[in-house]
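The data block below is input_3.cif; it holds mmCIF, N, CA and C atoms.
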data_target
#
loop_
_atom_site.label_atom_id
_atom_site.label_comp_id
_atom_site.auth_asym_id
_atom_site.auth_seq_id
_atom_site.Cartn_x
_atom_site.Cartn_y
_atom_site.Cartn_z
N PHE A 1 118.45 219.26 109.89
CA PHE A 1 117.64 219.87 108.85
C PHE A 1 116.60 218.88 108.36
N HIS A 2 117.05 217.68 108.03
CA HIS A 2 116.17 216.61 107.52
C HIS A 2 115.09 216.27 108.55
N THR A 3 115.51 216.08 109.79
CA THR A 3 114.58 215.70 110.86
C THR A 3 113.65 216.85 111.21
N GLU A 4 114.16 218.06 111.27
CA GLU A 4 113.33 219.23 111.59
C GLU A 4 112.17 219.39 110.61
N ARG A 5 112.37 218.99 109.37
CA ARG A 5 111.34 219.14 108.35
C ARG A 5 110.47 217.90 108.20
N ASP A 6 110.73 216.89 109.04
CA ASP A 6 109.97 215.64 108.99
C ASP A 6 109.93 215.10 107.56
N ALA A 7 111.09 215.14 106.91
CA ALA A 7 111.18 214.74 105.51
C ALA A 7 111.46 213.25 105.39
N VAL A 8 110.97 212.67 104.30
CA VAL A 8 111.31 211.29 103.94
C VAL A 8 112.65 211.30 103.21
N ALA A 9 112.88 212.35 102.45
CA ALA A 9 114.14 212.50 101.72
C ALA A 9 114.52 213.99 101.71
N THR A 10 115.82 214.24 101.74
CA THR A 10 116.34 215.61 101.63
C THR A 10 117.40 215.63 100.55
N LEU A 11 117.30 216.60 99.67
CA LEU A 11 118.26 216.78 98.58
C LEU A 11 119.21 217.92 98.93
N ALA A 12 120.48 217.77 98.64
CA ALA A 12 121.40 218.89 98.70
C ALA A 12 121.16 219.71 97.44
N LEU A 13 121.05 221.02 97.59
CA LEU A 13 120.78 221.90 96.46
C LEU A 13 121.97 222.81 96.21
N ALA A 14 122.39 222.87 94.96
CA ALA A 14 123.52 223.72 94.57
C ALA A 14 123.01 224.83 93.66
N ARG A 15 123.72 225.92 93.66
CA ARG A 15 123.41 227.02 92.75
C ARG A 15 124.67 227.21 91.89
N PRO A 16 124.78 226.43 90.81
CA PRO A 16 126.01 226.48 90.01
C PRO A 16 126.14 227.80 89.25
N ARG A 17 127.34 228.08 88.88
CA ARG A 17 127.60 229.28 88.08
C ARG A 17 127.33 228.98 86.62
N ILE A 18 126.78 229.96 85.94
CA ILE A 18 126.60 229.87 84.49
C ILE A 18 128.01 229.98 83.89
N PRO A 19 128.38 229.09 82.98
CA PRO A 19 129.76 229.13 82.48
C PRO A 19 130.06 230.30 81.54
N TRP A 20 129.06 231.09 81.19
CA TRP A 20 129.27 232.21 80.28
C TRP A 20 129.07 233.52 81.03
N GLY A 21 129.55 234.57 80.46
CA GLY A 21 129.30 235.89 81.03
C GLY A 21 127.85 236.27 80.78
N ALA A 22 127.25 236.98 81.71
CA ALA A 22 125.87 237.44 81.56
C ALA A 22 125.86 238.94 81.30
N VAL A 23 124.78 239.40 80.70
CA VAL A 23 124.64 240.81 80.37
C VAL A 23 123.40 241.34 81.08
N LYS A 24 123.54 242.49 81.75
CA LYS A 24 122.39 243.17 82.34
C LYS A 24 121.98 244.30 81.41
N THR A 25 120.67 244.47 81.28
CA THR A 25 120.16 245.57 80.46
C THR A 25 119.14 246.37 81.26
N ASP A 26 118.92 247.60 80.84
CA ASP A 26 117.88 248.39 81.49
C ASP A 26 116.55 248.16 80.75
N GLY A 27 115.51 248.84 81.18
CA GLY A 27 114.19 248.66 80.58
C GLY A 27 114.10 249.13 79.14
N PHE A 28 115.09 249.87 78.66
CA PHE A 28 115.10 250.39 77.30
C PHE A 28 115.95 249.54 76.36
N GLY A 29 116.61 248.51 76.91
CA GLY A 29 117.43 247.64 76.08
C GLY A 29 118.89 248.04 75.99
N ARG A 30 119.32 248.96 76.82
CA ARG A 30 120.74 249.33 76.83
C ARG A 30 121.48 248.42 77.79
N VAL A 31 122.66 247.99 77.39
CA VAL A 31 123.51 247.17 78.25
C VAL A 31 124.05 248.05 79.36
N THR A 32 123.86 247.56 80.61
CA THR A 32 124.31 248.34 81.76
C THR A 32 125.47 247.69 82.51
N ASP A 33 125.67 246.39 82.31
CA ASP A 33 126.74 245.73 83.05
C ASP A 33 127.02 244.36 82.46
N PHE A 34 128.21 243.84 82.76
CA PHE A 34 128.61 242.49 82.41
C PHE A 34 128.97 241.76 83.70
N ILE A 35 128.50 240.55 83.85
CA ILE A 35 128.80 239.75 85.04
C ILE A 35 129.41 238.45 84.55
N GLU A 36 130.64 238.20 84.95
CA GLU A 36 131.35 237.01 84.50
C GLU A 36 130.94 235.80 85.33
N ALA A 37 130.42 234.77 84.68
CA ALA A 37 130.05 233.49 85.29
C ALA A 37 129.22 233.66 86.57
N PRO A 38 128.04 234.29 86.47
CA PRO A 38 127.23 234.49 87.68
C PRO A 38 126.55 233.20 88.13
N PRO A 39 126.16 233.11 89.42
CA PRO A 39 125.36 231.97 89.85
C PRO A 39 124.00 232.02 89.17
N THR A 40 123.43 230.87 88.91
CA THR A 40 122.09 230.85 88.32
C THR A 40 121.08 231.30 89.37
N THR A 41 119.92 231.65 88.92
CA THR A 41 118.85 232.03 89.84
C THR A 41 118.14 230.80 90.37
N TYR A 42 118.41 229.63 89.78
CA TYR A 42 117.76 228.40 90.19
C TYR A 42 118.73 227.50 90.96
N GLU A 43 118.17 226.77 91.93
CA GLU A 43 118.94 225.74 92.61
C GLU A 43 118.74 224.44 91.85
N ILE A 44 119.75 223.58 91.87
CA ILE A 44 119.65 222.29 91.20
C ILE A 44 119.89 221.17 92.21
N ASN A 45 119.42 219.99 91.87
CA ASN A 45 119.66 218.80 92.68
C ASN A 45 121.15 218.48 92.56
N ALA A 46 121.87 218.55 93.68
CA ALA A 46 123.32 218.33 93.67
C ALA A 46 123.70 216.86 93.70
N GLY A 47 122.71 215.97 93.82
CA GLY A 47 122.99 214.54 93.79
C GLY A 47 123.46 213.96 95.11
N VAL A 48 123.28 214.69 96.21
CA VAL A 48 123.64 214.20 97.54
C VAL A 48 122.33 214.15 98.33
N TYR A 49 122.05 212.98 98.93
CA TYR A 49 120.74 212.78 99.56
C TYR A 49 120.85 212.30 101.00
N VAL A 50 119.81 212.59 101.79
CA VAL A 50 119.60 211.99 103.10
C VAL A 50 118.22 211.33 103.00
N PHE A 51 118.15 210.04 103.37
CA PHE A 51 116.89 209.31 103.29
C PHE A 51 116.49 208.80 104.67
N SER A 52 115.21 208.86 104.96
CA SER A 52 114.65 208.19 106.12
C SER A 52 114.49 206.72 105.77
N PRO A 53 114.43 205.83 106.76
CA PRO A 53 114.31 204.40 106.48
C PRO A 53 113.14 204.04 105.56
N GLU A 54 112.04 204.77 105.66
CA GLU A 54 110.87 204.43 104.84
C GLU A 54 111.08 204.70 103.34
N PHE A 55 112.13 205.44 102.99
CA PHE A 55 112.36 205.77 101.58
C PHE A 55 112.53 204.53 100.72
N ALA A 56 113.22 203.52 101.24
CA ALA A 56 113.49 202.31 100.45
C ALA A 56 112.19 201.68 99.95
N GLY A 57 111.15 201.71 100.75
CA GLY A 57 109.87 201.14 100.35
C GLY A 57 109.14 201.95 99.30
N LEU A 58 109.59 203.16 99.04
CA LEU A 58 108.94 204.04 98.05
C LEU A 58 109.60 203.98 96.68
N LEU A 59 110.73 203.28 96.59
CA LEU A 59 111.43 203.21 95.31
C LEU A 59 110.62 202.41 94.30
N PRO A 60 110.63 202.83 93.05
CA PRO A 60 109.89 202.10 92.03
C PRO A 60 110.58 200.77 91.70
N GLU A 61 109.78 199.80 91.29
CA GLU A 61 110.37 198.51 90.86
C GLU A 61 111.24 198.72 89.63
N ARG A 62 110.76 199.61 88.76
CA ARG A 62 111.50 199.96 87.55
C ARG A 62 111.44 201.46 87.40
N GLY A 63 112.44 202.01 86.79
CA GLY A 63 112.43 203.44 86.54
C GLY A 63 113.34 204.20 87.48
N ASP A 64 113.26 205.49 87.41
CA ASP A 64 114.17 206.40 88.08
C ASP A 64 113.47 207.08 89.25
N HIS A 65 114.04 206.97 90.44
CA HIS A 65 113.42 207.61 91.62
C HIS A 65 113.35 209.12 91.48
N GLU A 66 114.25 209.70 90.69
CA GLU A 66 114.22 211.15 90.49
C GLU A 66 113.03 211.58 89.65
N ARG A 67 112.48 210.67 88.87
CA ARG A 67 111.32 211.00 88.03
C ARG A 67 110.01 210.50 88.62
N THR A 68 110.09 209.65 89.64
CA THR A 68 108.87 209.09 90.21
C THR A 68 108.74 209.43 91.69
N THR A 69 109.64 208.92 92.50
CA THR A 69 109.54 209.06 93.95
C THR A 69 109.72 210.51 94.39
N PHE A 70 110.74 211.20 93.89
CA PHE A 70 110.98 212.58 94.31
C PHE A 70 109.79 213.49 93.97
N PRO A 71 109.26 213.45 92.73
CA PRO A 71 108.09 214.31 92.45
C PRO A 71 106.88 213.99 93.34
N ARG A 72 106.66 212.71 93.61
CA ARG A 72 105.54 212.33 94.48
C ARG A 72 105.74 212.89 95.89
N LEU A 73 106.95 212.73 96.43
CA LEU A 73 107.24 213.27 97.76
C LEU A 73 107.11 214.79 97.77
N ALA A 74 107.51 215.44 96.70
CA ALA A 74 107.39 216.90 96.62
C ALA A 74 105.92 217.31 96.66
N ARG A 75 105.07 216.64 95.90
CA ARG A 75 103.64 216.95 95.92
C ARG A 75 103.04 216.74 97.30
N GLU A 76 103.55 215.74 98.02
CA GLU A 76 103.06 215.43 99.36
C GLU A 76 103.74 216.27 100.44
N ARG A 77 104.63 217.18 100.04
CA ARG A 77 105.38 218.04 100.96
C ARG A 77 106.23 217.23 101.95
N ARG A 78 106.81 216.12 101.45
CA ARG A 78 107.66 215.29 102.30
C ARG A 78 109.09 215.21 101.76
N LEU A 79 109.43 216.14 100.88
CA LEU A 79 110.77 216.22 100.29
C LEU A 79 111.36 217.57 100.68
N ALA A 80 112.54 217.56 101.28
CA ALA A 80 113.20 218.81 101.68
C ALA A 80 114.39 219.08 100.78
N GLY A 81 114.81 220.33 100.74
CA GLY A 81 115.98 220.73 99.97
C GLY A 81 116.90 221.58 100.82
N PHE A 82 118.11 221.11 101.05
CA PHE A 82 119.09 221.82 101.86
C PHE A 82 120.06 222.57 100.95
N PRO A 83 120.06 223.91 100.99
CA PRO A 83 120.98 224.65 100.12
C PRO A 83 122.43 224.53 100.59
N ILE A 84 123.29 224.10 99.69
CA ILE A 84 124.72 224.07 99.99
C ILE A 84 125.17 225.53 100.13
N PRO A 85 125.89 225.86 101.20
CA PRO A 85 126.30 227.26 101.39
C PRO A 85 127.11 227.80 100.21
N GLN A 86 126.84 229.05 99.85
CA GLN A 86 127.56 229.69 98.75
C GLN A 86 129.05 229.65 99.06
N GLY A 87 129.84 229.26 98.10
CA GLY A 87 131.29 229.18 98.26
C GLY A 87 131.78 227.81 98.71
N ALA A 88 130.87 226.94 99.14
CA ALA A 88 131.28 225.58 99.53
C ALA A 88 131.65 224.81 98.27
N TYR A 89 132.55 223.85 98.41
CA TYR A 89 132.97 223.06 97.25
C TYR A 89 131.84 222.15 96.79
N TRP A 90 131.52 222.23 95.53
CA TRP A 90 130.57 221.32 94.89
C TRP A 90 130.94 221.28 93.42
N ARG A 91 130.75 220.12 92.84
CA ARG A 91 131.09 219.98 91.44
C ARG A 91 130.30 218.82 90.85
N ALA A 92 129.85 218.97 89.63
CA ALA A 92 129.15 217.89 88.93
C ALA A 92 130.16 216.83 88.52
N ILE A 93 129.79 215.57 88.69
CA ILE A 93 130.63 214.44 88.27
C ILE A 93 129.82 213.65 87.25
N ASP A 94 130.12 213.88 85.98
CA ASP A 94 129.39 213.20 84.91
C ASP A 94 130.25 212.20 84.15
N THR A 95 131.56 212.33 84.28
CA THR A 95 132.47 211.47 83.53
C THR A 95 133.63 211.05 84.44
N ALA A 96 134.39 210.07 83.98
CA ALA A 96 135.58 209.65 84.73
C ALA A 96 136.58 210.81 84.81
N LYS A 97 136.66 211.61 83.77
CA LYS A 97 137.55 212.78 83.78
C LYS A 97 137.12 213.76 84.88
N ASP A 98 135.81 213.98 85.04
CA ASP A 98 135.32 214.86 86.10
C ASP A 98 135.74 214.35 87.47
N LEU A 99 135.65 213.04 87.67
CA LEU A 99 136.03 212.44 88.94
C LEU A 99 137.51 212.65 89.22
N SER A 100 138.33 212.45 88.20
CA SER A 100 139.77 212.65 88.34
C SER A 100 140.09 214.12 88.67
N GLU A 101 139.41 215.05 87.99
CA GLU A 101 139.65 216.46 88.24
C GLU A 101 139.19 216.85 89.64
N ALA A 102 138.07 216.31 90.09
CA ALA A 102 137.57 216.60 91.44
C ALA A 102 138.56 216.10 92.49
N ALA A 103 139.12 214.90 92.27
CA ALA A 103 140.10 214.36 93.20
C ALA A 103 141.31 215.28 93.30
N LYS A 104 141.77 215.82 92.18
CA LYS A 104 142.91 216.73 92.17
C LYS A 104 142.55 218.02 92.90
N GLU A 105 141.35 218.56 92.64
CA GLU A 105 140.94 219.80 93.28
C GLU A 105 140.86 219.63 94.80
N LEU A 106 140.28 218.53 95.23
CA LEU A 106 140.15 218.28 96.68
C LEU A 106 141.52 218.08 97.32
N ALA A 107 142.41 217.39 96.62
CA ALA A 107 143.76 217.20 97.15
C ALA A 107 144.46 218.55 97.30
N ALA A 108 144.25 219.44 96.33
CA ALA A 108 144.87 220.76 96.40
C ALA A 108 144.30 221.59 97.54
N LEU A 109 143.04 221.33 97.90
CA LEU A 109 142.40 222.05 99.01
C LEU A 109 142.79 221.44 100.36
N GLY A 110 143.47 220.29 100.32
CA GLY A 110 143.88 219.64 101.55
C GLY A 110 142.76 218.88 102.25
N ARG A 111 141.77 218.42 101.47
CA ARG A 111 140.64 217.68 102.04
C ARG A 111 140.81 216.20 101.85
#
Starting from the file, give its structure as C-alpha cells.
Amino acid sequence: FHTERDAVATLALARPRIPWGAVKTDGFGRVTDFIEAPPTTYEINAGVYVFSPEFAGLLPERGDHERTTFPRLARERRLAGFPIPQGAYWRAIDTAKDLSEAAKELAALGR
C-alpha cells in the first residue's frame, strides 16, 4: 500500500465508535431511529506509521511531526492513509491503564 502510493509516510486510519448513542431524525425534526455507539463518519490517525527512509530527514528539529511534517507531506500529496479494516482490533492507548487493558483484551483474543 505504502509503496504503491509512492508515499514518504503512511498512517493507519481508524474509524472509532462514538461512545454515546446517536439519534437519527427526518427532515421535519422527528426522531426516526437510535443507533448505539455508531462508527464516526471521520477516520482518525491511529498512531501506527510506515515511513520511507527519507522521512527521518524531514523531521523538525523542534516540535511535533504530526503538526509540521505530516501536514506538509499531505499538501505535497506524499502522505498516504491506510484504513484499518472494520472490525479489526484497534484501541487508543493514552494512559498506563489503557495499556494494561489492551494487554488483557489481546490475551483474551489469543494474540
Next on the checklist: As an exercise, work out the distance from atom CA of Arg75 of chain A to atom CA of Ala56 of chain A in Å and give it to one decimal place.
Outcome noted: 18.2 Å
Checklist outcome for this item: Of A:Gly81, A:Gly63, A:Pro16, A:Gly87, the one nearest to Pro39 of chain A when counting only C-alpha atoms is A:Pro16
Item to check | For segment 88-96 of chain A: contacts at 8 Å, only N, CA and C atoms, fewer than 4 positions along chain excluded, given as a PyMOL selection string | outcome: chain A and resi 14+16+46+84+100-102
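Counting all atoms listed in the file, the residue from A:Tyr42, A:Gln86, A:Ala107, A:Arg77 that sits nearest to Asp6 of chain A is A:Arg77.
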Item to check | Those of chain A in DSSP alpha helix (DSSP H), formatted as a ChimeraX atom specification | outcome: /A:69-75,96-109
(131.0, 235.8, 81.7) in this file's frame - what residues fall within 8 Å of it? Use only C-alpha atoms and give the answer as a short mmCIF file (atom, residue, chain, number, x, y, z; two decimals) with N, CA and C atoms, keeping the file's coordinate frame.
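Now in result_27.cif:
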data_model
loop_
_atom_site.label_atom_id
_atom_site.label_comp_id
_atom_site.auth_asym_id
_atom_site.auth_seq_id
_atom_site.Cartn_x
_atom_site.Cartn_y
_atom_site.Cartn_z
N ILE A 18 126.78 229.96 85.94
CA ILE A 18 126.60 229.87 84.49
C ILE A 18 128.01 229.98 83.89
N PRO A 19 128.38 229.09 82.98
CA PRO A 19 129.76 229.13 82.48
C PRO A 19 130.06 230.30 81.54
N TRP A 20 129.06 231.09 81.19
CA TRP A 20 129.27 232.21 80.28
C TRP A 20 129.07 233.52 81.03
N GLY A 21 129.55 234.57 80.46
CA GLY A 21 129.30 235.89 81.03
C GLY A 21 127.85 236.27 80.78
N ALA A 22 127.25 236.98 81.71
CA ALA A 22 125.87 237.44 81.56
C ALA A 22 125.86 238.94 81.30
N PHE A 34 128.21 243.84 82.76
CA PHE A 34 128.61 242.49 82.41
C PHE A 34 128.97 241.76 83.70
N ILE A 35 128.50 240.55 83.85
CA ILE A 35 128.80 239.75 85.04
C ILE A 35 129.41 238.45 84.55
N GLU A 36 130.64 238.20 84.95
CA GLU A 36 131.35 237.01 84.50
C GLU A 36 130.94 235.80 85.33
N ALA A 37 130.42 234.77 84.68
CA ALA A 37 130.05 233.49 85.29
C ALA A 37 129.22 233.66 86.57
N PRO A 38 128.04 234.29 86.47
CA PRO A 38 127.23 234.49 87.68
C PRO A 38 126.55 233.20 88.13
#
